[in-house]
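Here is the file input.csv (CSV, C-alpha atoms and all ligand atoms).
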chain,number,residue,atom,x,y,z
Q,1,MET,CA,112.6,95.3,81.1
Q,2,LEU,CA,113.5,98.2,78.8
Q,3,PHE,CA,113.9,101.7,80.2
Q,4,LYS,CA,111.2,102.8,77.8
Q,5,SER,CA,108.7,100.3,79.4
Q,6,VAL,CA,109.2,102.0,82.8
Q,7,VAL,CA,106.6,104.7,83.4
Q,8,GLY,CA,108.1,108.2,83.7
Q,9,GLN,CA,111.2,108.7,85.8
Q,10,HIS,CA,113.1,110.3,82.9
Q,11,GLU,CA,115.7,112.0,85.0
Q,12,LEU,CA,116.5,109.0,87.1
Q,13,LYS,CA,116.8,106.8,84.0
Q,14,GLN,CA,119.3,109.2,82.5
Q,15,GLN,CA,121.4,109.1,85.7
Q,16,LEU,CA,121.4,105.3,85.7
Q,17,ARG,CA,122.4,105.1,82.0
Q,18,GLN,CA,125.2,107.5,82.6
Q,19,THR,CA,126.7,105.4,85.4
Q,20,VAL,CA,126.8,102.5,82.9
Q,21,GLN,CA,128.2,104.6,80.0
Q,22,GLU,CA,130.9,106.1,82.3
Q,23,GLY,CA,131.8,102.8,83.9
Q,24,ARG,CA,130.8,104.0,87.4
Q,25,ILE,CA,128.4,101.1,88.3
Q,26,ALA,CA,128.1,100.9,92.1
Q,27,HIS,CA,128.3,97.2,93.1
Q,28,ALA,CA,125.5,97.5,95.7
Q,29,GLN,CA,122.6,99.8,94.9
Q,30,LEU,CA,119.5,100.3,96.9
Q,31,PHE,CA,116.5,101.4,94.9
Q,32,TRP,CA,114.2,103.1,97.3
Q,33,GLY,CA,110.6,104.3,96.8
Q,34,ALA,CA,107.0,103.2,97.0
Q,35,GLY,CA,106.4,100.2,94.8
Q,36,GLY,CA,104.0,102.1,92.6
Q,37,TYR,CA,106.8,104.6,91.7
Q,38,GLY,CA,108.7,101.8,90.0
Q,39,PRO,CA,111.8,100.9,92.0
Q,40,LEU,CA,111.7,97.3,90.9
Q,41,PRO,CA,111.1,97.9,87.2
Q,42,LEU,CA,114.0,100.5,87.3
Q,43,ALA,CA,116.3,97.9,88.8
Q,44,LEU,CA,115.4,95.4,86.2
Q,45,ALA,CA,115.8,97.9,83.4
Q,46,LEU,CA,119.3,98.8,84.8
Q,47,ALA,CA,120.2,95.1,84.9
Q,48,GLN,CA,119.2,94.6,81.3
Q,49,TYR,CA,120.9,97.7,80.1
Q,50,ILE,CA,124.2,96.7,81.8
Q,51,ASN,CA,124.2,93.3,80.2
Q,52,CYS,CA,122.9,94.2,76.8
Q,53,THR,CA,125.4,93.4,74.1
Q,54,ASN,CA,124.1,96.1,71.8
Q,55,ARG,CA,122.8,98.9,73.9
Q,56,SER,CA,122.3,102.5,72.6
Q,57,ASP,CA,122.6,105.7,74.6
Q,58,ASP,CA,118.9,105.5,75.5
Q,59,ASP,CA,118.1,101.9,76.1
Q,60,ALA,CA,119.0,98.2,75.9
Q,61,CYS,CA,118.4,96.7,72.4
Q,62,GLY,CA,115.6,94.3,73.6
Q,63,VAL,CA,116.6,91.6,71.1
Q,64,CYS,CA,120.1,90.4,71.9
Q,65,PRO,CA,120.3,87.0,73.7
Q,66,SER,CA,121.0,88.7,77.0
Q,67,CYS,CA,118.0,91.1,76.7
Q,68,HIS,CA,115.9,88.2,75.6
Q,69,LYS,CA,116.7,86.1,78.6
Q,70,ILE,CA,116.5,89.0,81.1
Q,71,GLN,CA,113.1,90.1,79.8
Q,72,LYS,CA,111.8,86.5,80.3
Q,73,LEU,CA,113.5,86.3,83.7
Q,74,ILE,CA,115.4,83.2,82.6
Q,75,HIS,CA,118.9,84.6,82.5
Q,76,PRO,CA,121.3,82.3,84.4
Q,77,ASP,CA,123.1,85.3,85.9
Q,78,LEU,CA,120.0,87.1,87.1
Q,79,HIS,CA,119.0,86.0,90.6
Q,80,PHE,CA,116.3,87.0,93.0
Q,81,ALA,CA,115.8,86.8,96.7
Q,82,VAL,CA,112.3,87.8,98.0
Q,83,PRO,CA,110.5,87.4,101.2
Q,84,VAL,CA,108.7,84.1,101.6
Q,85,ASN,CA,107.2,82.0,104.4
Q,86,SER,CA,106.0,78.4,104.8
Q,87,THR,CA,102.9,77.3,102.9
Q,88,LYS,CA,101.0,74.0,102.4
Q,89,GLU,CA,103.3,73.0,99.5
Q,90,VAL,CA,106.5,74.3,101.2
Q,91,PRO,CA,106.2,73.5,104.9
Q,92,GLU,CA,108.6,74.9,107.5
Q,93,ALA,CA,110.6,71.6,107.4
Q,94,LYS,CA,111.6,72.4,103.8
Q,95,LYS,CA,113.1,75.7,105.0
Q,96,PRO,CA,111.3,77.9,102.5
Q,97,ILE,CA,113.5,80.1,100.2
Q,98,THR,CA,112.9,82.0,97.0
Q,99,ASP,CA,113.9,79.0,94.8
Q,100,HIS,CA,110.8,77.1,96.1
Q,101,PHE,CA,108.6,79.8,94.8
Q,102,PHE,CA,110.6,80.9,91.7
Q,103,PRO,CA,108.1,79.8,89.0
Q,104,ARG,CA,105.4,81.8,90.8
Q,105,TRP,CA,107.6,84.8,91.3
Q,106,ARG,CA,108.6,84.8,87.6
Q,107,GLU,CA,105.0,84.6,86.5
Q,108,THR,CA,103.9,87.3,88.9
Q,109,LEU,CA,106.7,89.7,88.1
Q,110,LEU,CA,106.2,89.3,84.3
Q,111,ALA,CA,102.5,90.0,84.7
Q,112,ASN,CA,103.1,93.1,86.9
Q,113,PRO,CA,106.5,94.5,87.7
Q,114,TYR,CA,104.7,97.1,89.9
Q,115,LEU,CA,103.5,94.5,92.3
Q,116,ASN,CA,103.4,95.2,96.0
Q,117,GLU,CA,104.3,93.1,99.0
Q,118,GLN,CA,100.7,92.1,99.9
Q,119,GLU,CA,100.0,91.0,96.4
Q,120,TRP,CA,103.0,88.8,96.4
Q,121,TYR,CA,101.9,87.2,99.7
Q,122,GLU,CA,98.4,86.6,98.4
Q,123,THR,CA,99.9,85.0,95.2
Q,124,ILE,CA,101.8,82.4,97.2
Q,125,GLY,CA,99.1,82.0,99.8
Q,126,ILE,CA,100.7,83.5,102.9
Q,127,GLU,CA,98.6,86.6,103.1
Q,128,ASN,CA,98.1,86.2,106.9
Q,129,LYS,CA,101.8,85.9,107.6
Q,130,GLN,CA,104.8,88.1,107.2
Q,131,GLY,CA,107.4,87.0,104.6
Q,132,HIS,CA,111.0,87.1,105.4
Q,133,ILE,CA,114.5,86.7,104.0
Q,134,GLY,CA,116.2,84.4,106.4
Q,135,VAL,CA,119.6,82.7,106.9
Q,136,ASN,CA,118.9,79.9,104.5
Q,137,GLU,CA,118.2,82.4,101.8
Q,138,ALA,CA,121.5,84.2,102.7
Q,139,SER,CA,123.4,80.9,102.3
Q,140,ARG,CA,121.7,80.3,98.9
Q,141,ILE,CA,122.6,83.9,97.8
Q,142,MET,CA,126.3,83.1,98.6
Q,143,GLU,CA,126.2,79.9,96.7
Q,144,LYS,CA,124.7,81.5,93.7
Q,145,LEU,CA,127.3,84.3,93.6
Q,146,HIS,CA,130.2,82.0,94.3
Q,147,PHE,CA,130.8,81.0,90.7
Q,148,LYS,CA,131.8,83.2,87.8
Q,149,SER,CA,129.0,84.4,85.6
Q,150,PHE,CA,127.7,81.9,83.0
Q,151,GLU,CA,127.0,84.2,80.1
Q,152,ALA,CA,126.7,87.8,81.2
Q,153,ASP,CA,129.1,90.5,81.8
Q,154,TYR,CA,127.7,90.9,85.3
Q,155,LYS,CA,126.2,88.5,87.8
Q,156,MET,CA,123.2,90.2,89.3
Q,157,MET,CA,121.4,89.5,92.6
Q,158,VAL,CA,118.1,91.4,93.0
Q,159,ILE,CA,117.0,91.5,96.7
Q,160,TRP,CA,113.4,92.6,96.8
Q,161,LEU,CA,112.3,94.1,100.1
Q,162,PRO,CA,115.6,93.9,102.1
Q,163,GLU,CA,113.6,95.3,105.0
Q,164,ARG,CA,112.3,91.7,105.5
Q,165,MET,CA,115.8,90.4,106.0
Q,166,ASN,CA,116.6,89.2,109.6
Q,167,VAL,CA,119.8,89.9,111.5
Q,168,GLN,CA,121.4,86.5,111.0
Q,169,ALA,CA,120.9,86.7,107.2
Q,170,ALA,CA,122.2,90.2,107.2
Q,171,ASN,CA,125.3,89.2,109.1
Q,172,ARG,CA,126.0,86.4,106.8
Q,173,LEU,CA,125.8,88.7,103.7
Q,174,LEU,CA,127.6,91.7,105.1
Q,175,LYS,CA,131.0,90.9,103.7
Q,176,LEU,CA,129.7,89.8,100.4
Q,177,ILE,CA,127.7,93.0,99.9
Q,178,GLU,CA,130.7,95.1,101.0
Q,179,GLU,CA,133.2,93.4,98.7
Q,180,PRO,CA,131.4,91.3,96.1
Q,181,PRO,CA,133.5,89.3,93.7
Q,182,THR,CA,134.3,91.2,90.5
Q,183,LYS,CA,131.5,91.9,88.1
Q,184,THR,CA,128.9,91.1,90.7
Q,185,LEU,CA,126.0,93.4,91.3
Q,186,PHE,CA,123.6,93.7,94.2
Q,187,LEU,CA,120.3,95.5,93.4
Q,188,LEU,CA,118.3,96.0,96.5
Q,189,VAL,CA,114.7,97.2,96.1
Q,190,SER,CA,113.1,98.7,99.2
Q,191,GLU,CA,109.9,100.4,100.1
Q,192,ASP,CA,111.0,101.3,103.6
Q,193,THR,CA,114.7,102.0,104.2
Q,194,THR,CA,114.1,102.8,107.9
Q,195,ARG,CA,113.5,99.1,108.6
Q,196,ILE,CA,116.6,97.8,106.8
Q,197,ILE,CA,119.3,96.6,109.1
Q,198,LYS,CA,121.8,99.5,109.4
Q,199,THR,CA,124.9,97.5,108.5
Q,200,ILE,CA,123.3,96.5,105.2
Q,201,LEU,CA,122.0,100.0,104.5
Q,202,SER,CA,125.4,101.6,105.1
Q,203,ARG,CA,127.0,99.3,102.5
Q,204,THR,CA,124.7,100.3,99.6
Q,205,GLN,CA,124.5,103.3,97.4
Q,206,LEU,CA,121.0,104.8,97.6
Q,207,VAL,CA,119.0,105.4,94.4
Q,208,HIS,CA,116.0,107.4,95.5
Q,209,VAL,CA,113.0,106.7,93.3
Q,210,PRO,CA,110.6,109.7,93.5
Q,211,PRO,CA,106.8,109.8,92.7
Q,212,ILE,CA,106.1,109.7,89.0
Q,213,ASP,CA,105.3,113.1,87.5
Q,214,GLU,CA,101.6,113.8,87.4
Q,215,ALA,CA,101.9,114.9,83.8
Q,216,VAL,CA,103.3,111.5,82.9
Q,217,LEU,CA,100.3,109.7,84.5
Q,218,VAL,CA,97.9,112.0,82.7
Q,219,ALA,CA,99.6,111.2,79.4
Q,220,VAL,CA,99.3,107.5,80.2
Q,221,LYS,CA,95.6,107.8,80.6
Q,222,THR,CA,94.9,110.2,77.7
Q,223,ALA,CA,97.3,108.8,75.1
Q,224,GLN,CA,97.1,105.1,75.9
Q,225,ASP,CA,93.6,104.7,77.2
Q,226,GLY,CA,92.0,107.6,75.3
Q,227,LEU,CA,90.4,109.1,78.5
Q,228,PRO,CA,89.3,112.8,78.3
Q,229,GLU,CA,91.9,115.1,79.8
Q,230,ALA,CA,89.8,116.2,82.8
Q,231,GLN,CA,89.1,112.6,83.9
Q,232,ALA,CA,92.7,111.6,83.3
Q,233,ARG,CA,93.8,114.4,85.5
Q,234,LYS,CA,91.5,113.5,88.3
Q,235,LEU,CA,92.8,109.9,88.3
Q,236,ALA,CA,96.4,111.0,88.0
Q,237,ARG,CA,96.0,113.4,90.9
Q,238,ALA,CA,94.4,110.7,93.1
Q,239,ALA,CA,97.2,108.2,92.1
Q,240,ALA,CA,99.7,110.6,93.8
Q,241,GLY,CA,102.7,109.5,91.7
Q,242,SER,CA,102.0,105.7,91.9
Q,243,TYR,CA,101.5,103.8,88.7
Q,244,SER,CA,100.0,100.8,90.5
Q,245,ARG,CA,97.5,103.1,92.3
Q,246,LEU,CA,96.6,104.6,88.9
Q,247,LEU,CA,95.8,101.1,87.6
Q,248,ALA,CA,93.7,100.3,90.7
Q,249,LEU,CA,91.8,103.6,90.5
Q,250,THR,CA,91.2,103.0,86.8
Q,251,ALA,CA,89.6,99.6,87.6
Q,252,ILE,CA,87.4,101.2,90.3
Q,253,HIS,CA,86.6,104.0,87.9
Q,254,ASP,CA,85.5,101.6,85.1
Q,255,ASP,CA,83.3,99.6,87.5
Q,256,THR,CA,81.9,102.8,89.0
Q,257,GLN,CA,81.0,104.1,85.5
Q,258,GLU,CA,79.1,100.9,84.9
Q,259,HIS,CA,77.4,100.9,88.2
Q,260,PHE,CA,76.4,104.5,87.8
Q,261,ALA,CA,74.8,103.8,84.4
Q,262,HIS,CA,72.8,100.9,85.9
Q,263,PHE,CA,71.7,103.2,88.8
Q,264,VAL,CA,70.6,106.0,86.5
Q,265,ALA,CA,68.7,103.6,84.3
Q,266,LEU,CA,66.9,102.1,87.3
Q,267,MET,CA,65.9,105.5,88.7
Q,268,ARG,CA,64.6,106.7,85.3
Q,269,LEU,CA,62.6,103.6,84.7
Q,270,ALA,CA,61.2,103.7,88.3
Q,271,TYR,CA,60.2,107.3,87.7
Q,272,THR,CA,58.3,106.5,84.5
Q,273,VAL,CA,56.9,103.3,86.1
Q,274,ASP,CA,57.6,101.4,83.0
Q,275,GLY,CA,56.9,97.9,84.3
Q,276,ILE,CA,58.2,96.0,81.3
Q,277,ALA,CA,61.4,98.0,81.1
Q,278,LEU,CA,61.9,97.5,84.8
Q,279,MET,CA,61.6,93.8,84.4
Q,280,ALA,CA,64.1,93.9,81.5
Q,281,TRP,CA,66.5,95.9,83.7
Q,282,ALA,CA,66.2,93.3,86.5
Q,283,GLU,CA,66.7,90.5,84.0
Q,284,GLU,CA,69.8,92.1,82.6
Q,285,LEU,CA,71.4,92.6,86.0
Q,286,ALA,CA,70.4,89.1,87.0
Q,287,GLN,CA,72.5,87.7,84.2
Q,288,THR,CA,75.7,89.3,85.4
Q,289,GLY,CA,77.9,87.5,88.0
Q,290,ARG,CA,77.0,87.5,91.6
Q,291,GLU,CA,80.1,89.5,92.6
Q,292,HIS,CA,79.1,92.2,90.1
Q,293,GLN,CA,75.6,92.3,91.4
Q,294,LYS,CA,76.8,92.6,95.0
Q,295,ALA,CA,79.2,95.4,94.0
Q,296,PHE,CA,76.5,97.3,92.2
Q,297,LEU,CA,74.1,97.1,95.2
Q,298,LEU,CA,76.9,98.2,97.6
Q,299,TYR,CA,77.8,101.0,95.3
Q,300,ALA,CA,74.2,102.2,95.1
Q,301,ALA,CA,73.7,102.0,98.9
Q,302,GLN,CA,77.0,103.7,99.7
Q,303,MET,CA,76.2,106.5,97.2
Q,304,LEU,CA,72.7,107.0,98.6
Q,305,ARG,CA,73.9,107.1,102.1
Q,306,GLU,CA,76.9,109.4,101.5
Q,307,SER,CA,75.4,111.7,98.9
Q,308,PHE,CA,71.9,112.1,100.2
Q,309,MET,CA,71.8,111.1,103.8
Q,310,ASN,CA,75.0,112.6,105.1
Q,311,ASN,CA,75.0,116.1,103.9
Q,312,ARG,CA,75.7,115.2,100.3
Q,313,ARG,CA,79.3,114.2,100.9
Q,314,VAL,CA,80.0,112.4,97.6
Q,315,PRO,CA,82.3,109.4,98.1
Q,316,GLU,CA,85.8,109.5,96.6
Q,317,VAL,CA,85.1,106.8,93.9
Q,318,THR,CA,82.0,108.7,92.7
Q,319,HIS,CA,83.9,111.9,92.8
Q,320,LEU,CA,86.3,110.6,90.2
Q,321,LEU,CA,83.4,110.6,87.8
Q,322,HIS,CA,81.2,113.5,88.5
Q,323,ASP,CA,81.4,116.8,90.2
Q,324,GLU,CA,79.4,117.0,93.3
Q,325,GLU,CA,76.6,119.4,92.2
Q,326,ALA,CA,76.0,117.8,88.8
Q,327,PHE,CA,75.8,114.4,90.5
Q,328,ALA,CA,73.2,115.4,93.1
Q,329,GLY,CA,71.3,117.4,90.5
Q,330,LYS,CA,70.9,114.3,88.3
Q,331,PHE,CA,69.0,112.6,91.1
Q,332,ALA,CA,67.0,115.6,92.3
Q,333,PRO,CA,63.8,114.4,90.6
Q,334,PHE,CA,64.0,111.0,92.2
Q,335,VAL,CA,65.4,111.3,95.6
Q,336,ASN,CA,64.2,113.6,98.4
Q,337,GLU,CA,63.7,113.7,102.1
Q,338,ARG,CA,60.5,111.8,102.0
Q,339,ASN,CA,61.7,108.7,100.2
Q,340,ILE,CA,65.5,108.5,100.7
Q,341,GLU,CA,65.2,106.3,103.8
Q,342,ALA,CA,62.9,103.8,102.1
Q,343,ILE,CA,65.0,103.7,98.9
Q,344,TYR,CA,68.1,103.1,101.0
Q,345,GLN,CA,66.2,100.3,102.8
Q,346,ALA,CA,65.2,98.7,99.5
Q,347,PHE,CA,68.8,98.5,98.4
Q,348,ASN,CA,69.8,97.0,101.8
Q,349,LEU,CA,67.1,94.5,101.6
Q,350,ALA,CA,68.3,93.4,98.2
Q,351,ILE,CA,71.9,93.2,99.5
Q,352,ALA,CA,70.6,90.9,102.4
Q,353,HIS,CA,68.7,88.7,100.1
Q,354,LEU,CA,71.5,88.4,97.6
Q,355,ALA,CA,73.8,87.4,100.5
Q,356,GLN,CA,71.4,84.6,101.4
Q,357,ASN,CA,71.8,83.4,97.8
Q,358,GLY,CA,68.3,84.4,96.8
Q,359,ASN,CA,67.1,84.3,93.2
Q,360,ALA,CA,68.8,87.3,91.5
Q,361,LYS,CA,65.9,88.0,89.1
Q,362,ILE,CA,63.3,88.0,91.8
Q,363,ILE,CA,65.5,90.2,94.0
Q,364,PHE,CA,66.1,92.8,91.3
Q,365,THR,CA,62.5,92.8,90.1
Q,366,ASP,CA,61.4,93.3,93.7
Q,367,LEU,CA,63.9,96.2,94.1
Q,368,ALA,CA,62.7,97.8,90.9
Q,369,MET,CA,59.1,97.7,92.0
Q,370,ARG,CA,59.8,99.1,95.5
Q,371,LEU,CA,61.7,102.0,93.9
Q,372,ALA,CA,58.8,102.7,91.5
Q,373,ILE,CA,56.5,102.9,94.4
Q,374,GLN,CA,58.8,105.2,96.5
Q,375,ILE,CA,59.7,107.5,93.7
Q,376,LYS,CA,56.1,108.1,92.7
Q,377,ALA,CA,55.1,108.5,96.3
Q,401,ZN,ZN,120.3,93.8,74.2
As structure tokens, what does this structure read like?
Ligand SMILES: [Zn+2]
Amino acid sequence: MLFKSVVGQHELKQQLRQTVQEGRIAHAQLFWGAGGYGPLPLALALAQYINCTNRSDDDACGVCPSCHKIQKLIHPDLHFAVPVNSTKEVPEAKKPITDHFFPRWRETLLANPYLNEQEWYETIGIENKQGHIGVNEASRIMEKLHFKSFEADYKMMVIWLPERMNVQAANRLLKLIEEPPTKTLFLLVSEDTTRIIKTILSRTQLVHVPPIDEAVLVAVKTAQDGLPEAQARKLARAAAGSYSRLLALTAIHDDTQEHFAHFVALMRLAYTVDGIALMAWAEELAQTGREHQKAFLLYAAQMLRESFMNNRRVPEVTHLLHDEEAFAGKFAPFVNERNIEAIYQAFNLAIAHLAQNGNAKIIFTDLAMRLAIQIKA
């Protein structure tokens, strides 16, 4: 990973580059911050910068053999230890360690270096269990670091979420972390340093990763995604310094925009009692996936409930799109005290029928007709 591919964090990047340029690389560094702030991408960028054979003042070159292999996570001197647990493929008897899951880890990390703990557990199918870094992993770490580096200047061990390391594993690794062989680097990446075993914590140099500047997140949305400034700012503010949260909110935002358009169209058509257009609307929605249909109905029901039944408190996702007054104003001709309850019930009925695997076209046509009756009532 190049420094320039890491979102924001300009000051911290500069500090990290300086330690390399001045030959002051601490042998055990603990990157600490919420996953969405980018501690893992920063640790990877540092690893690449250190081993690049043609680095500049600003960044690794991105094309030398070392950069090439680190970017693809296939460098023989770049190792990982991450929390795992037993799965169907890797039962307890096999003593699960990172190596068992490495192809999956590599693929997941390449796709999203801002991944969080839960996403990783879902990826390997242990979402109901806690992952951990146990004593077998510690032994494997020692084996891997025992030999001189193959190609790189530095041998690197990235330990992701050391807060999941148990006491036996920590005890086994203490001496190695305190006095690693020459040209060996530990890069620990933690979201919660309060849960790291103290003896490990005290042997590392803390690299505090702060929230990403809001201005940087706004720039990401305006420059890269072409979003209007005001909407970009709303998203960036709600993301609170986290790039992964920004991505998640963007996805919600995109869906919400689509649901909102469907909802407005439905209300307008019901108001004009245009039977043919209503049928076409139902037909169009019936052709989308079932999950999408369900999401739309839930969105509409939630919005009706929160915006019109409970003192017009507009839900957060809707708020990302519209300001409260304009939003309620749009629906003033359609929704009022007389029909809100019945409209809400019509959506709930559709949700129930969809859950029973009813015919989507019939369900949406029925919904459209009920709304036409209510709105004209
Ligand atoms: Zn390079």
Residue neighbourhood Q:Ile200, 10 Å, only C-alpha atoms, exclusion window fewer than 5 positions, as an NGL selection string:
:Q and (28 or 30 or 162-163 or 165 or 167 or 170-171 or 173-175 or 177-178)
Ligand ZN 401 (chain Q) neighbours within 7 Å using all atoms listed in the file, as a PyMOL selection string:
chain Q and resi 52-55+60-67
From the list Q:Lys88, Q:Lys94, Q:Lys148, Q:Lys72, the nearest residue to Q:Arg106 using only C-alpha atoms is Q:Lys72
Quick one: everything within 8 Å of stretch 182-195 of chain Q, counting all atoms listed in the file, minus sequence neighbours fewer than 6 positions away in the same chain. Send it as a ChimeraX atom specification.
/Q:26-35,39-40,43,145,153-163,201
Give me the residues within 12 Å of Q:Glu214 as a list of chain:residue names, counting only C-alpha atoms and dropping any in the same chain fewer than 3 places off.
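What passes the distance filter is Q:Val7, Q:Gly8, Q:Gln9, Q:Tyr37, Q:Pro210, Q:Pro211, Q:Leu217, Q:Val218, Q:Ala219, Q:Val220, Q:Lys221, Q:Ala232, Q:Arg233, Q:Lys234, Q:Leu235, Q:Ala236, Q:Arg237, Q:Ala238, Q:Ala239, Q:Ala240, Q:Gly241, Q:Ser242, Q:Tyr243, Q:Leu246.
When only C-alpha atoms are used to compute distances to Q:Gln48, the closest of the residues Q:Leu2, Q:His208, Q:Ala360, Q:Leu73 turns out to be Q:Leu2.
In this model, the gap between atom CA of Q:Glu137 and atom CA of Q:Ala47 comes to 21.2 Å.
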Atoms are missing here; could stretch 235-258 of chain Q be completed with N, CA and C atoms and written as a compact mmCIF listing (two decimals), in the coordinates of the input?
# COMPACT_ATOMS: atom_id res chain seq x y z
N LEU Q 235 92.17 111.18 87.92
CA LEU Q 235 92.80 109.90 88.30
C LEU Q 235 94.23 110.04 88.62
N ALA Q 236 94.95 110.80 87.80
CA ALA Q 236 96.40 111.00 88.00
C ALA Q 236 96.65 111.65 89.36
N ARG Q 237 95.83 112.65 89.67
CA ARG Q 237 96.00 113.40 90.90
C ARG Q 237 95.79 112.41 92.11
N ALA Q 238 94.72 111.61 92.02
CA ALA Q 238 94.40 110.70 93.10
C ALA Q 238 95.48 109.59 93.22
N ALA Q 239 96.16 109.29 92.12
CA ALA Q 239 97.20 108.20 92.10
C ALA Q 239 98.44 108.69 92.86
N ALA Q 240 98.63 109.99 92.99
CA ALA Q 240 99.70 110.60 93.80
C ALA Q 240 101.10 109.94 93.40
N GLY Q 241 101.38 109.89 92.10
CA GLY Q 241 102.70 109.50 91.70
C GLY Q 241 102.92 107.96 91.59
N SER Q 242 101.87 107.19 91.89
CA SER Q 242 102.00 105.70 91.90
C SER Q 242 101.31 105.12 90.68
N TYR Q 243 102.07 104.39 89.88
CA TYR Q 243 101.50 103.80 88.70
C TYR Q 243 100.51 102.64 89.11
N SER Q 244 100.85 101.87 90.13
CA SER Q 244 100.00 100.80 90.50
C SER Q 244 98.64 101.34 91.09
N ARG Q 245 98.76 102.48 91.80
CA ARG Q 245 97.50 103.10 92.30
C ARG Q 245 96.68 103.62 91.13
N LEU Q 246 97.35 104.11 90.13
CA LEU Q 246 96.60 104.60 88.90
C LEU Q 246 95.84 103.43 88.31
N LEU Q 247 96.49 102.26 88.22
CA LEU Q 247 95.80 101.10 87.60
C LEU Q 247 94.61 100.68 88.50
N ALA Q 248 94.80 100.68 89.82
CA ALA Q 248 93.70 100.30 90.70
C ALA Q 248 92.55 101.26 90.63
N LEU Q 249 92.88 102.55 90.58
CA LEU Q 249 91.80 103.60 90.50
C LEU Q 249 91.09 103.46 89.15
N THR Q 250 91.83 103.11 88.11
CA THR Q 250 91.20 103.00 86.80
C THR Q 250 90.17 101.84 86.84
N ALA Q 251 90.52 100.75 87.50
CA ALA Q 251 89.60 99.60 87.60
C ALA Q 251 88.34 100.03 88.37
N ILE Q 252 88.55 100.75 89.49
CA ILE Q 252 87.40 101.20 90.30
C ILE Q 252 86.56 102.18 89.41
N HIS Q 253 87.27 103.04 88.71
CA HIS Q 253 86.60 104.00 87.90
C HIS Q 253 85.74 103.36 86.80
N ASP Q 254 86.28 102.31 86.15
CA ASP Q 254 85.50 101.60 85.10
C ASP Q 254 84.27 100.95 85.71
N ASP Q 255 84.45 100.28 86.86
CA ASP Q 255 83.30 99.60 87.50
C ASP Q 255 82.29 100.70 87.93
N THR Q 256 82.80 101.79 88.48
CA THR Q 256 81.90 102.80 89.00
C THR Q 256 81.07 103.39 87.83
N GLN Q 257 81.71 103.57 86.69
CA GLN Q 257 81.00 104.10 85.50
C GLN Q 257 79.83 103.16 85.15
N GLU Q 258 80.13 101.87 85.21
CA GLU Q 258 79.10 100.90 84.90
C GLU Q 258 77.98 100.87 85.89
